[in-house]
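Asks: My file is entry.cif. It has mmCIF, C-alpha atoms and all ligand atoms:
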```
data_start
loop_
_atom_site.label_atom_id
_atom_site.label_comp_id
_atom_site.auth_asym_id
_atom_site.auth_seq_id
_atom_site.Cartn_x
_atom_site.Cartn_y
_atom_site.Cartn_z
CA MET A 4 -29.72 -31.21 7.08
CA TYR A 5 -29.07 -34.16 4.84
CA SER A 6 -31.48 -32.57 2.44
CA GLN A 7 -28.48 -31.07 0.66
CA GLY A 8 -30.02 -27.95 -0.70
CA LEU A 9 -32.95 -29.99 -1.95
CA ILE A 10 -31.70 -31.96 -4.85
CA GLY A 11 -34.26 -31.73 -7.61
CA ALA A 12 -36.87 -29.92 -5.56
CA ASP A 13 -39.47 -27.93 -7.40
CA GLY A 14 -41.12 -25.29 -5.25
CA ARG A 15 -43.24 -23.72 -8.01
CA SER A 16 -46.92 -23.42 -7.31
CA GLU A 17 -49.90 -22.32 -9.38
CA GLU A 18 -52.29 -20.98 -6.78
CA THR A 19 -53.79 -17.50 -7.11
CA PRO A 20 -51.61 -14.53 -6.14
CA GLU A 21 -54.05 -13.69 -3.32
CA PHE A 22 -53.78 -17.17 -1.83
CA LEU A 23 -50.01 -17.15 -2.05
CA ALA A 24 -49.79 -13.68 -0.52
CA ALA A 25 -52.04 -14.69 2.39
CA PHE A 26 -49.92 -17.80 2.96
CA GLN A 27 -46.73 -15.76 2.83
CA ALA A 28 -48.19 -13.30 5.34
CA ARG A 29 -48.86 -16.16 7.77
CA VAL A 30 -45.31 -17.41 7.36
CA ASP A 31 -43.90 -13.91 7.78
CA ALA A 32 -45.90 -13.53 11.00
CA GLU A 33 -44.12 -16.70 12.23
CA THR A 34 -47.42 -18.57 12.47
CA LYS A 35 -46.59 -22.26 12.16
CA ILE A 36 -48.25 -24.18 9.36
CA GLU A 37 -49.97 -27.35 10.61
CA PRO A 38 -50.90 -30.55 8.72
CA ASN A 39 -54.43 -29.78 7.59
CA ASP A 40 -53.90 -26.06 6.92
CA ASP A 41 -54.17 -24.79 3.37
CA MET A 42 -50.73 -24.58 1.85
CA PRO A 43 -49.34 -24.05 -1.63
CA GLU A 44 -48.72 -27.32 -3.46
CA GLY A 45 -45.10 -26.29 -3.92
CA TYR A 46 -44.66 -25.84 -0.17
CA ARG A 47 -46.07 -29.31 0.44
CA ARG A 48 -43.96 -30.88 -2.29
CA THR A 49 -40.79 -29.19 -1.12
CA LEU A 50 -41.35 -30.40 2.44
CA VAL A 51 -42.25 -33.95 1.43
CA ARG A 52 -39.03 -34.16 -0.54
CA GLN A 53 -36.87 -32.49 2.09
CA ILE A 54 -38.23 -34.39 5.09
CA GLY A 55 -38.16 -37.64 3.11
CA GLN A 56 -34.52 -37.12 2.09
CA HIS A 57 -33.69 -36.26 5.66
CA ALA A 58 -35.44 -39.38 7.02
CA HIS A 59 -33.75 -41.64 4.47
CA SER A 60 -30.39 -40.10 5.40
CA GLU A 61 -30.88 -40.93 9.06
CA ILE A 62 -31.77 -44.53 8.18
CA VAL A 63 -29.01 -45.07 5.62
CA GLY A 64 -26.64 -43.29 8.01
CA MET A 65 -27.02 -46.19 10.42
CA LEU A 66 -25.15 -48.44 7.98
CA PRO A 67 -21.60 -47.01 7.92
CA GLU A 68 -21.53 -46.80 11.72
CA GLY A 69 -23.47 -49.97 12.44
CA ASN A 70 -20.68 -51.66 10.53
CA TRP A 71 -18.33 -50.90 13.46
CA ILE A 72 -20.49 -51.82 16.46
CA THR A 73 -19.08 -55.32 16.84
CA ARG A 74 -15.53 -54.04 16.41
CA ALA A 75 -15.65 -51.07 18.80
CA PRO A 76 -12.50 -51.26 20.94
CA SER A 77 -14.17 -51.36 24.38
CA LEU A 78 -17.51 -52.06 26.02
CA ARG A 79 -17.89 -48.32 26.73
CA ARG A 80 -17.39 -47.44 23.07
CA LYS A 81 -19.66 -50.27 21.95
CA ALA A 82 -22.51 -49.20 24.22
CA ALA A 83 -22.18 -45.57 23.12
CA LEU A 84 -22.06 -46.42 19.42
CA LEU A 85 -25.02 -48.75 19.72
CA ALA A 86 -27.01 -45.98 21.43
CA LYS A 87 -25.96 -43.49 18.78
CA VAL A 88 -26.99 -45.73 15.91
CA GLN A 89 -30.29 -46.43 17.64
CA ASP A 90 -30.83 -42.67 17.93
CA GLU A 91 -30.30 -42.29 14.18
CA GLY A 92 -33.00 -44.90 13.60
CA GLY A 93 -35.24 -42.90 15.92
CA HIS A 94 -34.48 -39.71 13.98
CA GLY A 95 -35.51 -41.41 10.77
CA LEU A 96 -38.79 -42.47 12.38
CA TYR A 97 -39.58 -39.00 13.81
CA LEU A 98 -39.03 -37.61 10.34
CA TYR A 99 -41.09 -40.23 8.47
CA SER A 100 -43.84 -39.44 10.96
CA ALA A 101 -43.57 -35.71 10.16
CA ALA A 102 -43.58 -36.38 6.40
CA GLU A 103 -46.69 -38.55 6.67
CA THR A 104 -48.64 -35.57 8.03
CA LEU A 105 -48.25 -34.09 4.52
CA GLY A 106 -50.16 -36.93 2.91
CA VAL A 107 -47.34 -39.16 1.72
CA SER A 108 -47.33 -42.73 3.04
CA ARG A 109 -44.47 -44.47 4.76
CA LYS A 110 -44.76 -47.30 2.25
CA GLN A 111 -44.41 -44.88 -0.64
CA MET A 112 -41.32 -43.27 0.89
CA THR A 113 -39.74 -46.66 1.56
CA GLU A 114 -40.37 -47.76 -2.02
CA GLU A 115 -38.81 -44.57 -3.36
CA LEU A 116 -35.68 -45.15 -1.30
CA LEU A 117 -35.39 -48.78 -2.36
CA ASP A 118 -35.92 -48.15 -6.06
CA GLY A 119 -33.48 -45.25 -6.11
CA ARG A 120 -35.97 -42.44 -6.80
CA ALA A 121 -35.42 -40.80 -3.42
CA LYS A 122 -32.08 -39.29 -2.49
CA TYR A 123 -30.24 -39.34 0.80
CA SER A 124 -27.14 -37.52 1.96
CA SER A 125 -24.18 -38.41 -0.22
CA ILE A 126 -21.93 -38.49 2.85
CA PHE A 127 -23.15 -42.02 3.60
CA ASN A 128 -21.88 -43.30 0.28
CA TYR A 129 -18.32 -43.22 1.61
CA PRO A 130 -16.88 -46.28 3.36
CA THR A 131 -15.85 -46.42 7.05
CA LEU A 132 -12.40 -47.95 6.77
CA SER A 133 -11.06 -47.73 10.31
CA TRP A 134 -12.23 -47.16 13.88
CA ALA A 135 -10.99 -43.57 13.53
CA ASP A 136 -13.70 -43.02 10.91
CA ILE A 137 -16.33 -43.51 13.61
CA GLY A 138 -14.78 -40.72 15.66
CA ILE A 139 -14.50 -38.43 12.64
CA ILE A 140 -18.11 -39.11 11.62
CA GLY A 141 -19.41 -38.15 15.06
CA TRP A 142 -17.28 -35.02 15.14
CA LEU A 143 -17.70 -33.79 11.55
CA VAL A 144 -20.77 -35.46 10.05
CA ASP A 145 -22.95 -35.11 13.13
CA GLY A 146 -21.36 -31.69 13.68
CA ALA A 147 -22.39 -30.56 10.20
CA ALA A 148 -25.82 -32.10 10.75
CA ILE A 149 -26.24 -30.06 13.94
CA MET A 150 -25.35 -26.82 12.10
CA ASN A 151 -28.03 -27.62 9.56
CA GLN A 152 -30.61 -28.89 11.99
CA ILE A 153 -30.64 -26.17 14.62
CA PRO A 154 -32.28 -23.62 12.29
CA LEU A 155 -34.74 -26.33 11.17
CA CYS A 156 -36.13 -26.33 14.72
CA ARG A 157 -37.70 -23.00 13.68
CA CYS A 158 -38.97 -24.27 10.32
CA SER A 159 -42.41 -22.88 9.41
CA TYR A 160 -43.93 -26.37 9.18
CA GLY A 161 -44.92 -27.38 12.72
CA PRO A 162 -44.44 -31.17 12.63
CA TYR A 163 -40.99 -30.84 11.01
CA ALA A 164 -39.91 -28.20 13.53
CA ARG A 165 -41.09 -30.36 16.44
CA ALA A 166 -39.31 -33.43 15.10
CA MET A 167 -36.13 -31.41 14.70
CA ILE A 168 -36.28 -30.22 18.30
CA ARG A 169 -36.24 -33.85 19.42
CA VAL A 170 -33.42 -34.65 16.99
CA CYS A 171 -31.28 -31.69 18.07
CA LYS A 172 -31.56 -32.63 21.74
CA GLU A 173 -29.99 -35.98 20.89
CA GLU A 174 -27.30 -34.87 18.46
CA SER A 175 -24.87 -33.25 20.84
CA PHE A 176 -24.17 -36.65 22.45
CA HIS A 177 -23.29 -37.92 18.96
CA GLN A 178 -20.80 -35.19 18.27
CA ARG A 179 -19.19 -35.34 21.69
CA GLN A 180 -18.74 -39.12 21.62
CA GLY A 181 -17.11 -38.72 18.20
CA TYR A 182 -14.77 -35.96 19.29
CA GLU A 183 -13.77 -37.99 22.33
CA ILE A 184 -12.80 -40.93 20.10
CA VAL A 185 -10.79 -38.57 17.87
CA MET A 186 -9.12 -36.99 20.90
CA LYS A 187 -8.05 -40.36 22.34
CA LEU A 188 -6.50 -41.35 19.03
CA ALA A 189 -4.89 -37.95 18.39
CA GLN A 190 -3.25 -38.10 21.82
CA GLY A 191 -2.31 -41.77 21.46
CA THR A 192 0.58 -43.54 19.75
CA PRO A 193 2.05 -42.18 16.50
CA GLU A 194 0.18 -44.97 14.65
CA GLN A 195 -3.11 -43.95 16.23
CA LYS A 196 -2.51 -40.32 15.42
CA ALA A 197 -1.70 -41.22 11.80
CA MET A 198 -4.87 -43.30 11.61
CA VAL A 199 -7.07 -40.44 12.77
CA GLN A 200 -5.32 -37.94 10.48
CA ASP A 201 -5.96 -40.30 7.57
CA ALA A 202 -9.64 -40.50 8.47
CA LEU A 203 -9.83 -36.71 8.74
CA ASN A 204 -8.19 -36.35 5.33
CA ARG A 205 -10.85 -38.57 3.76
CA TRP A 206 -13.89 -37.07 5.52
CA TRP A 207 -13.15 -33.34 5.56
CA TRP A 208 -14.22 -32.47 2.01
CA PRO A 209 -17.28 -34.74 1.96
CA SER A 210 -18.34 -33.14 5.27
CA ILE A 211 -18.23 -29.59 3.97
CA MET A 212 -20.04 -30.74 0.83
CA MET A 213 -22.91 -31.82 3.11
CA PHE A 214 -24.15 -28.23 3.10
CA GLY A 215 -24.96 -28.54 -0.58
CA PRO A 216 -24.01 -26.45 -3.62
CA HIS A 217 -22.88 -22.82 -3.34
CA ASP A 218 -25.73 -20.32 -3.01
CA ALA A 219 -25.16 -19.07 -6.54
CA ASP A 220 -25.79 -22.59 -7.90
CA SER A 221 -28.61 -23.57 -5.60
CA GLN A 222 -31.80 -23.10 -7.62
CA HIS A 223 -34.53 -23.62 -5.07
CA SER A 224 -32.98 -21.94 -2.11
CA ASP A 225 -34.75 -18.56 -2.44
CA GLN A 226 -38.26 -19.98 -2.29
CA SER A 227 -37.37 -22.19 0.69
CA MET A 228 -35.92 -19.17 2.48
CA ALA A 229 -39.04 -17.10 1.77
CA TRP A 230 -41.26 -19.87 3.10
CA LYS A 231 -38.99 -20.13 6.14
CA ILE A 232 -38.33 -23.79 5.52
CA LYS A 233 -34.67 -22.79 5.46
CA ARG A 234 -33.33 -20.01 7.64
CA PHE A 235 -29.74 -19.82 6.40
CA THR A 236 -28.21 -20.43 3.00
CA ASN A 237 -25.90 -23.36 2.25
CA ASP A 238 -22.82 -21.12 2.23
CA GLU A 239 -23.75 -19.41 5.50
CA LEU A 240 -24.10 -22.77 7.25
CA ARG A 241 -20.89 -24.10 5.71
CA GLN A 242 -19.03 -21.02 6.94
CA LYS A 243 -20.36 -21.46 10.49
CA PHE A 244 -19.32 -25.09 10.47
CA ILE A 245 -15.79 -24.39 9.25
CA ASP A 246 -15.33 -21.56 11.76
CA ALA A 247 -16.42 -23.84 14.60
CA THR A 248 -14.35 -26.82 13.45
CA VAL A 249 -10.94 -25.29 12.72
CA PRO A 250 -10.12 -24.54 16.38
CA GLN A 251 -11.30 -28.04 17.36
CA ALA A 252 -8.79 -29.53 14.91
CA GLU A 253 -6.04 -27.18 16.07
CA TYR A 254 -6.62 -28.19 19.66
CA LEU A 255 -5.80 -31.78 18.73
CA ASP A 256 -2.90 -30.76 16.50
CA LEU A 257 -4.65 -32.32 13.51
CA THR A 258 -4.37 -30.82 10.02
CA LEU A 259 -7.42 -30.09 7.90
CA PRO A 260 -6.56 -31.16 4.34
CA ASP A 261 -7.06 -27.76 2.71
CA PRO A 262 -3.91 -25.73 2.02
CA ASP A 263 -6.01 -22.64 1.26
CA LEU A 264 -7.74 -22.66 4.63
CA LYS A 265 -6.87 -19.42 6.40
CA TRP A 266 -8.37 -16.85 8.74
CA ASN A 267 -9.83 -13.82 7.00
CA GLU A 268 -9.75 -10.97 9.48
CA GLU A 269 -12.03 -8.80 7.37
CA LYS A 270 -14.95 -11.22 7.24
CA GLY A 271 -14.22 -12.68 10.65
CA GLY A 272 -14.18 -16.23 9.32
CA TYR A 273 -12.03 -18.74 7.50
CA ASP A 274 -11.56 -18.81 3.73
CA HIS A 275 -11.41 -22.27 2.20
CA GLY A 276 -10.12 -23.74 -1.04
CA PRO A 277 -12.29 -24.77 -4.01
CA ILE A 278 -14.72 -27.65 -3.50
CA ASP A 279 -14.74 -30.48 -6.03
CA TRP A 280 -18.38 -30.25 -7.10
CA ASP A 281 -17.89 -32.87 -9.81
CA GLU A 282 -17.22 -35.38 -7.09
CA PHE A 283 -20.22 -34.13 -5.11
CA TRP A 284 -22.63 -34.65 -8.02
CA ARG A 285 -21.07 -37.99 -8.87
CA VAL A 286 -21.72 -39.20 -5.34
CA VAL A 287 -25.22 -37.67 -5.15
CA LYS A 288 -26.13 -39.43 -8.37
CA GLY A 289 -25.16 -42.75 -6.87
CA PHE A 290 -21.61 -43.25 -8.04
CA GLY A 291 -20.16 -43.06 -4.54
CA PRO A 292 -17.99 -45.98 -3.52
CA MET A 293 -20.72 -47.46 -1.33
CA ALA A 294 -23.94 -46.30 -3.02
CA LYS A 295 -24.93 -49.71 -4.37
CA ASP A 296 -24.18 -51.45 -1.07
CA ARG A 297 -26.23 -48.99 0.92
CA VAL A 298 -29.40 -49.43 -1.09
CA LYS A 299 -28.78 -53.16 -1.34
CA ALA A 300 -28.50 -53.38 2.45
CA ARG A 301 -31.78 -51.46 2.90
CA LYS A 302 -33.49 -53.62 0.31
CA LYS A 303 -32.27 -56.80 1.98
CA ALA A 304 -33.54 -55.57 5.36
CA TRP A 305 -36.91 -54.77 3.81
CA ASP A 306 -37.18 -58.10 1.95
CA ASP A 307 -35.94 -60.17 4.90
CA GLY A 308 -38.50 -58.44 7.10
CA GLU A 309 -41.43 -59.22 4.86
CA TRP A 310 -42.43 -62.45 6.62
CA VAL A 311 -42.25 -60.63 9.95
CA ARG A 312 -44.60 -57.90 8.75
CA GLU A 313 -46.97 -60.50 7.34
CA ALA A 314 -46.91 -62.60 10.49
CA ALA A 315 -47.48 -59.55 12.71
CA LEU A 316 -50.46 -58.48 10.61
CA ALA A 317 -51.89 -62.01 10.67
CA HIS A 318 -51.42 -62.14 14.43
CA ALA A 319 -53.21 -58.81 14.83
CA GLU A 320 -56.11 -60.10 12.71
CA LYS A 321 -56.33 -63.26 14.80
CA ARG A 322 -56.37 -61.29 18.06
CA LYS A 323 -59.06 -59.01 16.71
CA ALA A 324 -61.19 -61.97 15.62
CA ARG A 325 -60.80 -63.62 19.01
CA ALA A 326 -61.73 -60.45 20.84
CA GLN A 327 -64.87 -60.18 18.72
CA ALA A 328 -65.76 -63.84 19.27
CA ALA A 329 -65.20 -63.76 23.04
CA PRO A 330 -68.29 -61.75 24.15
CA MET A 331 -70.55 -64.01 22.05
CA ALA A 332 -69.06 -67.12 23.57
CA ALA A 333 -69.82 -65.72 27.01
CA GLU A 334 -73.49 -65.23 26.27
CA MET B 14 -47.35 -57.98 0.71
CA SER B 15 -50.86 -57.86 2.11
CA GLY B 16 -52.28 -54.83 3.96
CA GLU B 17 -50.50 -51.71 5.14
CA VAL B 18 -49.26 -51.62 8.69
CA PRO B 19 -51.59 -49.19 10.52
CA LEU B 20 -50.58 -45.78 11.85
CA TRP B 21 -50.78 -44.90 15.58
CA GLU B 22 -50.53 -41.56 17.32
CA VAL B 23 -48.31 -41.53 20.39
CA PHE B 24 -48.92 -39.49 23.56
CA ILE B 25 -46.51 -39.32 26.47
CA ARG B 26 -46.90 -38.02 30.01
CA PRO B 27 -43.54 -36.51 30.97
CA ARG B 28 -44.20 -36.95 34.70
CA ASN B 29 -47.07 -37.27 37.13
CA GLY B 30 -49.07 -34.09 37.36
CA LEU B 31 -48.81 -33.33 33.65
CA ALA B 32 -51.15 -34.36 30.85
CA HIS B 33 -50.23 -36.79 28.09
CA LYS B 34 -48.93 -34.84 25.13
CA HIS B 35 -48.81 -35.80 21.46
CA VAL B 36 -45.25 -36.57 20.35
CA GLY B 37 -45.63 -38.12 16.90
CA SER B 38 -46.80 -41.27 15.22
CA LEU B 39 -45.56 -44.70 14.21
CA HIS B 40 -46.62 -47.82 12.34
CA ALA B 41 -47.45 -51.05 14.17
CA THR B 42 -49.71 -54.01 13.48
CA ASP B 43 -51.52 -53.88 16.84
CA GLU B 44 -51.69 -51.92 20.08
CA VAL B 45 -49.20 -54.18 21.86
CA MET B 46 -46.50 -53.62 19.28
CA ALA B 47 -47.43 -49.95 19.01
CA LEU B 48 -46.71 -49.50 22.73
CA GLN B 49 -43.39 -51.32 22.49
CA ALA B 50 -42.34 -49.33 19.45
CA ALA B 51 -43.44 -46.06 21.09
CA ARG B 52 -41.21 -46.82 24.05
CA ASP B 53 -38.20 -47.45 21.78
CA VAL B 54 -38.80 -44.54 19.43
CA TYR B 55 -40.01 -41.80 21.74
CA THR B 56 -38.63 -42.50 25.23
CA ARG B 57 -34.94 -43.30 25.03
CA ARG B 58 -33.99 -40.60 27.57
CA GLY B 59 -36.56 -40.59 30.30
CA GLU B 60 -39.07 -38.52 28.31
CA GLY B 61 -41.96 -39.87 30.30
CA ASN B 62 -43.53 -42.42 32.60
CA SER B 63 -46.70 -43.23 30.70
CA ILE B 64 -47.54 -43.79 27.03
CA TRP B 65 -50.86 -43.77 25.21
CA VAL B 66 -51.17 -45.06 21.67
CA VAL B 67 -54.31 -44.34 19.65
CA ALA B 68 -55.08 -45.68 16.19
CA SER B 69 -54.78 -42.61 13.94
CA ASN B 70 -58.00 -43.48 12.13
CA ALA B 71 -59.86 -43.39 15.48
CA ILE B 72 -59.22 -39.66 15.86
CA THR B 73 -61.91 -37.23 14.77
CA ALA B 74 -60.53 -33.76 14.18
CA SER B 75 -62.12 -30.37 13.69
CA ASP B 76 -62.01 -28.93 10.20
CA PRO B 77 -59.27 -26.29 9.83
CA ASP B 78 -61.46 -24.49 7.28
CA GLN B 79 -63.96 -23.87 10.07
CA ALA B 80 -61.34 -22.62 12.51
CA GLY B 81 -62.70 -19.08 12.02
CA GLU B 82 -66.23 -19.94 13.12
CA ASN B 83 -65.10 -22.38 15.79
CA PHE B 84 -62.39 -20.45 17.51
CA GLU B 85 -62.95 -16.76 16.71
CA PRO B 86 -61.68 -15.16 19.91
CA GLY B 87 -62.67 -11.52 19.26
CA GLU B 88 -66.44 -11.45 19.42
CA LYS B 89 -67.52 -12.45 22.93
CA ILE B 90 -65.43 -9.98 24.83
CA TYR B 91 -67.90 -10.03 27.74
CA ARG B 92 -66.50 -13.46 28.58
CA HIS B 93 -63.29 -11.85 29.74
CA PRO B 94 -62.79 -10.13 33.11
CA THR B 95 -61.35 -6.99 31.55
CA PHE B 96 -64.75 -6.28 29.93
CA TYR B 97 -66.16 -5.20 33.30
CA GLU B 98 -65.40 -1.95 35.05
CA ILE B 99 -64.88 -2.31 38.77
CA PRO B 100 -63.75 0.66 40.92
CA ASP B 101 -60.22 0.48 42.34
CA GLU B 102 -61.62 1.10 45.82
CA VAL B 103 -63.09 -2.39 46.08
CA GLY B 104 -59.66 -3.95 45.82
CA HIS B 105 -58.39 -6.83 43.76
CA MET B 106 -61.17 -8.84 42.18
FE FE A 401 -29.49 -38.05 13.38
FE FE A 402 -26.47 -38.00 14.80
FE FE A 403 -29.52 -35.93 11.12
#
```
Written as structure tokens, that's how I'd like the structure from this file.
Replies:
Amino acid sequence: MYSQGLIGADGRSEETPEFLAAFQARVDAETKIEPNDDMPEGYRRTLVRQIGQHAHSEIVGMLPEGNWITRAPSLRRKAALLAKVQDEGGHGLYLYSAAETLGVSRKQMTEELLDGRAKYSSIFNYPTLSWADIGIIGWLVDGAAIMNQIPLCRCSYGPYARAMIRVCKEESFHQRQGYEIVMKLAQGTPEQKAMVQDALNRWWWPSIMMFGPHDADSQHSDQSMAWKIKRFTNDELRQKFIDATVPQAEYLDLTLPDPDLKWNEEKGGYDHGPIDWDEFWRVVKGFGPMAKDRVKARKKAWDDGEWVREAALAHAEKRKARAQAAPMAAE
Amino acid sequence: MSGEVPLWEVFIRPRNGLAHKHVGSLHATDEVMALQAARDVYTRRGEGNSIWVVASNAITASDPDQAGENFEPGEKIYRHPTFYEIPDEVGHM
């Protein structure tokens, strides 16, 4: 997920038609592509960008929730949130590891995030204003992520698919802990119910924007589908998510903030109202309320960690030198 | 910043009786930190009871371009039991 229909991806490649056809035949036969296999440059580039954006999203996604760890209302909630945020860090690392198999370095990816060249999911550029936001994020944001990520477990690129299998195994805990928070509040005092409804009102539209632009406006989708990097279009995934979520909201007697949302018997799914794509692009391009803070926080973590990285490298050098000196001393 | 923090490949044995299996990689300055990081990154839910870390640059791999010559399965069919004709009468063999 988080790759948001590949913002700015360019899947064009210039290899010979025979090479491309042979590659396509492998993909069509569901043979996984592995790190050192021949692959079209466009395939590699698309994956580097997508996996990188996904990894950055997991890492930046730790910030809005990490912000609430110390203020979680009970030890149970605190322990669960801490574990969830740690998982997101793990997801980022699985994904950086997968991206590095394509020949891009971790350092390079980190630099691109910190200098603003690399994108991450715009959802994390919204602020988490109340404890209810943490519940809504688990329910909707992790829920949308799961919709996106399950098909990625079958992605044609082996290391990405394997990383996504690990990620998906861990995500359902995230969504369930979120829904449980929402449920407690929705069934609590009128103030608590109002607080969770307010959070839902703020997060609903950004959550359904997570699936990226409509298929008609998504330029690079066809090539990614052909290469089996993507298995479903943005609109297909969005539809699945909405259909799964509406009954979950109804169960809690919460209102989704879309007056046009209604069941369409003919298509067997819900219709929804128009999405504000101007807002989406504004937030993607870094004008979200929290965009500056997010990158600033990552940059501060990176800069503050510099002496640690240096000291650890120096320590490793010293240990190596000692180990080399030791046998000679024994002689 | 001085050098890059080296890359390590991580292998985990899910339980006794099974082999260590590659699960991914990570960056760490030495093998001690690589093991600690591998535990945090790859075993948060009882994924295993033993971890190996190997410096990525210590791995020698076969060339995928030679996979045809190296691993061509079709040609030595006499290496497979089905190549030989044994009468049913002699029973399972
Ligand atoms: Fe995640
Ligand atoms: Fe998650
Ligand atoms: Fe994710």
Asks: Taking 3 positions as the minimum chain separation for residues in the same chain, which residues sit within 9 Å of Ile140 in chain A when counting all atoms listed in the file? Answer as a ChimeraX atom specification.
Replies: /A:68,131,135-137,143-146,178,181-182,206,210
Asks: What residues in chain A lie within 7 Å of chain B, counting all atoms listed in the file, written as an MDAnalysis selection string?
Replies: chainID A and resid 39:40 93 97 100 315:316 319
Asks: Show me which residues line ligand FE 403 (chain A), defined as having an atom within 10 Å of a ligand atom where all atoms listed in the file count, and present them as a PyMOL selection string.
Replies: chain A and resi 4-6+57-62+64+90-92+94-95+98+124+144-149+151-152+167+170-171+173-174
Asks: Just the residues within 10 Å of Asn29 in chain B, please, counting only C-alpha atoms, with nothing from its chain fewer than 5 positions along; format it as a ChimeraX atom specification.
Replies: /B:61-63
Asks: Can you measure CA of Val298 in chain A to CA of Gln89 in chain A for me? One decimal in Å is fine.
Replies: 19.0 Å
Asks: I'd like the interatomic distance between CA of Val30 in chain A and CA of Trp230 in chain A, to a tenth of an Å.
Replies: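 A separation of 6.4 Å between them.
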Asks: Within 10 Å of (-47.6, -32.2, -0.6), in the coordinates the file gives, what residues turn up when you count all atoms listed in the file, written out as a ChimeraX atom specification?
Replies: /A:42-52,102-107
Asks: Identify, on the basis of all atoms listed in the file, every residue whose closest approach to Trp305 in chain A does not exceed 12 Å; exclude the query and any residue fewer than 2 positions from it along the same chain; express the result as a ChimeraX atom specification.
Replies: /A:110,113-114,116-118,298-303,307-312 /B:14
Asks: When you look at Ala294 in chain A with a cut-off of 8 Å (counting all atoms listed in the file), what residues show up, excluding the ones that are within fewer than 4 positions of it in the same chain? I need them as a PyMOL selection string.
Replies: chain A and resi 127-129+286+289-290+298
Asks: Let me see the file: selected residues, C-alpha atoms, as a CSV table (one decimal), keeping the file's coordinate frame.
Replies:
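Listing of again-v9.csv after writing:
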```
chain,number,residue,atom,x,y,z
A,127,PHE,CA,-23.2,-42.0,3.6
A,128,ASN,CA,-21.9,-43.3,0.3
A,129,TYR,CA,-18.3,-43.2,1.6
A,286,VAL,CA,-21.7,-39.2,-5.3
A,289,GLY,CA,-25.2,-42.8,-6.9
A,290,PHE,CA,-21.6,-43.2,-8.0
A,298,VAL,CA,-29.4,-49.4,-1.1
```
Asks: Could you pull the residues within 9 Å of Lys231 in chain A, counting only C-alpha atoms, minus those fewer than 2 positions along the same chain, as a JSON list (two decimals) with C-alpha atoms, keeping the file's coordinate frame?
Replies:
```
[["chain", "number", "residue", "atom", "x", "y", "z"],
["A", 30, "VAL", "CA", -45.31, -17.41, 7.36],
["A", 31, "ASP", "CA", -43.90, -13.91, 7.78],
["A", 33, "GLU", "CA", -44.12, -16.70, 12.23],
["A", 157, "ARG", "CA", -37.70, -23.00, 13.68],
["A", 158, "CYS", "CA", -38.97, -24.27, 10.32],
["A", 159, "SER", "CA", -42.41, -22.88, 9.41],
["A", 160, "TYR", "CA", -43.93, -26.37, 9.18],
["A", 226, "GLN", "CA", -38.26, -19.98, -2.29],
["A", 227, "SER", "CA", -37.37, -22.19, 0.69],
["A", 228, "MET", "CA", -35.92, -19.17, 2.48],
["A", 229, "ALA", "CA", -39.04, -17.10, 1.77],
["A", 233, "LYS", "CA", -34.67, -22.79, 5.46],
["A", 234, "ARG", "CA", -33.33, -20.01, 7.64]]
```
Asks: May I ask which of the residues B:Met106, B:Ala68, B:Glu60, B:Phe24 is the closest one to Pro94 in chain B, counting all atoms listed in the file?
Replies: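 Comparing B:Met106, B:Ala68, B:Glu60, B:Phe24 against Pro94 in chain B, the winner is B:Met106.
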Asks: What gap, in Å, lies between CA of Trp134 in chain A and CA of Asp296 in chain A?
Replies: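 One can read the CA of Trp134 in chain A to CA of Asp296 in chain A distance as 19.6 Å.
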Asks: From the options A:Leu203, A:Leu240, A:Ala86, A:Leu257, which residue's atoms come nearest to ligand FE 402 (chain A), counting all atoms listed in the file?
Replies: A:Ala86
Asks: Which of these, A:Gly141, A:Pro76, A:Pro154, A:Pro216, has the shortest distance to ligand FE 402 (chain A) once you count all atoms listed in the file?
Replies: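 Using all atoms listed in the file, ligand FE 402 (chain A) sits closest to A:Gly141.
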Asks: For ligand FE 401 (chain A), which residue among A:Pro38, A:Asp261, A:Leu96, A:Trp266 is the nearest when counting only C-alpha atoms and all ligand atoms?
Replies: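 The shortest atom-to-atom distance to ligand FE 401 (chain A) comes from A:Leu96.
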Asks: Given the choices A:Gln242, A:Ser175, A:Ser224, A:Gln180, which gets closest to ligand FE 401 (chain A) if the distance is worked out from all atoms listed in the file?
Replies: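 The shortest atom-to-atom distance to ligand FE 401 (chain A) comes from A:Ser175.
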